[in-house]
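Enquirer: First the structure, which I've put down as structure tokens, then a few questions once you've had a look.
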Amino acid sequence: MDNKRLEKGYLMNIMFAVIMMIAMLFFITSNSVFSSVGLGEYVKLGKYITKGSASILFVLFGLLNLLFVNKSGNMKNTKFLVFMLVGLVFAMLGDILLIDFFVIGAALFAVGHVFFFVAFCFMARFKVRDIICVIAILIPAMLLIFLYPNFEFGGMLPVVIAYAVIISAMLGKAISNVFEKENKLLNVVIMIGALMFFLSDLMLLFNVFGSAPYVFDVACIALYYPAEYLLAFSMFLVGAKFEKKALNQAQQ
């Protein structure tokens, strides 16, 4: 990938970052905006439109990065790219369906995390360190689920536990990959995206099951879309061999 194509790739990614932030702000403010203009009965419709648009954007972003890398002829990590894109698609579907169908939405998110986990495994083979990282995340998560007094899960407890296991595995693998010698910056970007995803779901947990204040809902959204952006951005980084080119550009 030559420097001009690389510059175009960066520009495209910056453009999508700005568009993603605007879409996220539209979604966060959609309830108050629709209510303030006398369209309160269309609040849910507005939520579907704004949330759906923001979700479709990060899938489109991932697809464009996949096509961009494909056009460059650098497709050594095809499996990683494909699994990441499929994970983004499931995240999009889960995000939209979560509005009215929480269990289905959570299930789709969980499937997406499985695809992300497998994608991360293509960057570095599964090893004992991965298990240690997963356990280090899962134990505090389980303690929080069972010991936080304000949680009221009812019949949803098995769903919450299963989801916690899956997302902990996804984040644990992302953290473990940071210790690899190769693809250092790429793995850091993926880890930050995975961590933000985990924290976003933590905010959602407090919001849905812990009667948390509205700020938790805002925090959930503010963490979630940048997380998806970073995961989609990683598709560009792995194809462009970001580390060497970024260092070369910095030295010039």
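Chain lettering (A, B, ...) mirrors the order of the structure tokens, residue numbering begins at 1 for each chain separately, and ligand numbering begins at 1 in order of display.
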Which neighbours of Met92 of chain A fall inside 9 Å, counting only C-alpha atoms, when residues of the same chain fewer than 6 positions from it are skipped, and could you give them as a list of chain:residue names?
Expert: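 Non-adjacent residues within range: A:Gly52, A:Ala54, A:Ser55, A:Ile56, A:Phe58, A:Val59, A:Leu108, A:Phe109.
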Enquirer: Which neighbours of segment 168-173 of chain A fall inside 7 Å, counting only C-alpha atoms, when residues of the same chain fewer than 4 positions from it are skipped, and could you give them as a ChimeraX atom specification?
Expert: /A:113,116-117,120,130,133-134,137-138,164,177,194-195
Enquirer: Please, could you write that set of residues out with C-alpha atoms as a CSV table (one decimal), in the first residue's frame?
Expert:
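What follows is the written file part.csv:
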chain,number,residue,atom,x,y,z
A,113,HIS,CA,-18.4,-11.3,20.6
A,116,PHE,CA,-14.5,-11.0,17.6
A,117,PHE,CA,-12.9,-13.5,19.9
A,120,PHE,CA,-8.5,-12.0,17.8
A,130,ASP,CA,-5.4,-16.0,27.4
A,133,CYS,CA,-6.6,-12.9,31.4
A,134,VAL,CA,-10.2,-14.2,30.9
A,137,ILE,CA,-11.9,-10.3,34.1
A,138,LEU,CA,-14.6,-12.9,34.7
A,164,ALA,CA,-20.6,-12.1,31.1
A,177,ASN,CA,-2.8,-10.1,22.5
A,194,ALA,CA,-12.9,-4.3,23.5
A,195,LEU,CA,-12.5,-2.6,26.9
Enquirer: Mind the document's chain letters and residue numbers, and return as a PyMOL selection string the residues of segment 23-251 of chain A that DSSP labels alpha helix (DSSP H).
Expert: chain A and resi 23-36+43-72+78-97+102-123+128-147+157-177+184-209+214-240+242-251
Enquirer: Ranking A:Val160, A:Val178, A:Val189, A:Ile104 by minimum distance to Phe209 of chain A and counting only C-alpha atoms, which one comes first?
Expert: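 Under the stated criterion, the closest residue is A:Val160.
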Enquirer: Restrict the calculation to only C-alpha atoms, then for each residue of segment 182-243 of chain A with any atom at most 12 Å from an atom of segment 3-19 of chain A give the closest atom pair and their distance in Å to one decimal, rows by chain and rising residue number, as a Markdown table.
Expert:
| residue | atom | partner | partner_atom | distance |
| --- | --- | --- | --- | --- |
| A:Tyr225 | CA | A:Ala17 | CA | 9.7 |
| A:Pro226 | CA | A:Ala17 | CA | 8.2 |
| A:Ala227 | CA | A:Ala17 | CA | 11.1 |
| A:Glu228 | CA | A:Ala17 | CA | 10.5 |
| A:Tyr229 | CA | A:Ala17 | CA | 7.0 |
| A:Leu230 | CA | A:Ala17 | CA | 9.2 |
| A:Leu231 | CA | A:Asn13 | CA | 11.8 |
| A:Ala232 | CA | A:Asn13 | CA | 9.3 |
| A:Phe233 | CA | A:Asn13 | CA | 7.0 |
| A:Ser234 | CA | A:Asn13 | CA | 10.4 |
| A:Met235 | CA | A:Asn13 | CA | 10.7 |
| A:Phe236 | CA | A:Gly9 | CA | 7.6 |
| A:Leu237 | CA | A:Gly9 | CA | 9.5 |
| A:Gly239 | CA | A:Leu6 | CA | 10.4 |
| A:Ala240 | CA | A:Leu6 | CA | 7.3 |
| A:Lys241 | CA | A:Leu6 | CA | 10.0 |
| A:Phe242 | CA | A:Leu6 | CA | 9.2 |
Enquirer: Take the residues that were just selected and, keeping N, CA and C atoms, output them as a short mmCIF file (atom, residue, chain, number, x, y, z; two decimals), in the first residue's frame.
Expert:
data_model
loop_
_atom_site.label_atom_id
_atom_site.label_comp_id
_atom_site.auth_asym_id
_atom_site.auth_seq_id
_atom_site.Cartn_x
_atom_site.Cartn_y
_atom_site.Cartn_z
N TYR A 225 -20.26 3.34 20.81
CA TYR A 225 -19.99 3.64 19.41
C TYR A 225 -18.51 3.89 19.13
N PRO A 226 -17.78 4.59 20.00
CA PRO A 226 -16.32 4.65 19.79
C PRO A 226 -15.67 3.26 19.83
N ALA A 227 -16.21 2.37 20.67
CA ALA A 227 -15.67 1.00 20.73
C ALA A 227 -15.83 0.31 19.38
N GLU A 228 -17.02 0.42 18.81
CA GLU A 228 -17.26 -0.20 17.50
C GLU A 228 -16.39 0.45 16.42
N TYR A 229 -16.19 1.76 16.55
CA TYR A 229 -15.35 2.47 15.59
C TYR A 229 -13.92 1.93 15.64
N LEU A 230 -13.38 1.76 16.84
CA LEU A 230 -12.02 1.27 16.98
C LEU A 230 -11.87 -0.15 16.44
N LEU A 231 -12.87 -0.99 16.69
CA LEU A 231 -12.81 -2.36 16.17
C LEU A 231 -12.87 -2.36 14.64
N ALA A 232 -13.70 -1.49 14.07
CA ALA A 232 -13.74 -1.38 12.61
C ALA A 232 -12.45 -0.78 12.06
N PHE A 233 -11.89 0.17 12.79
CA PHE A 233 -10.63 0.81 12.39
C PHE A 233 -9.48 -0.20 12.38
N SER A 234 -9.53 -1.17 13.27
CA SER A 234 -8.47 -2.18 13.33
C SER A 234 -8.37 -2.95 12.02
N MET A 235 -9.47 -3.04 11.29
CA MET A 235 -9.45 -3.73 10.01
C MET A 235 -8.55 -3.01 9.02
N PHE A 236 -8.56 -1.69 9.09
CA PHE A 236 -7.67 -0.90 8.25
C PHE A 236 -6.23 -1.07 8.69
N LEU A 237 -6.02 -1.04 10.00
CA LEU A 237 -4.67 -1.11 10.53
C LEU A 237 -3.98 -2.43 10.18
N GLY A 239 -4.57 -4.44 7.70
CA GLY A 239 -4.31 -4.55 6.27
C GLY A 239 -3.20 -3.64 5.81
N ALA A 240 -3.09 -2.46 6.44
CA ALA A 240 -2.11 -1.47 6.01
C ALA A 240 -0.75 -1.66 6.67
N LYS A 241 -0.65 -2.65 7.55
CA LYS A 241 0.59 -2.84 8.30
C LYS A 241 0.97 -1.53 8.98
N PHE A 242 0.07 -1.10 9.83
CA PHE A 242 0.11 0.24 10.39
C PHE A 242 1.41 0.57 11.12
#
Enquirer: Which of these, A:Phe206, A:Tyr163, A:Val188, A:Ala110, has the shortest distance to Pro149 of chain A once you count only C-alpha atoms?
Expert: A:Phe206
Enquirer: At what distance in Å, to one decimal, does atom CA of Gly210 of chain A lie from atom CA of Asn150 of chain A?
Expert: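 Interatomic distance, atom CA of Asn150 of chain A to atom CA of Gly210 of chain A: 5.2 Å.
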Enquirer: Within 9 Å of Val86 of chain A, counting only C-alpha atoms, which residues show up once you throw out same-chain ones fewer than 2 positions away? Write them as a list in words, please.
Expert: Val59, Leu81, Val82, Phe83, Met84, Leu88, Val89, Phe90, Ala91, Gly112, Phe115 and Phe116 of chain A
Enquirer: Give the answer as one residue: which of A:Ala119, A:Asn70, A:Ala106, A:Glu180 has the shortest atom-to-atom distance to Ile161 of chain A, using only C-alpha atoms?
Expert: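 Looking only at the distances to Ile161 of chain A, the closest residue turns out to be A:Ala106.
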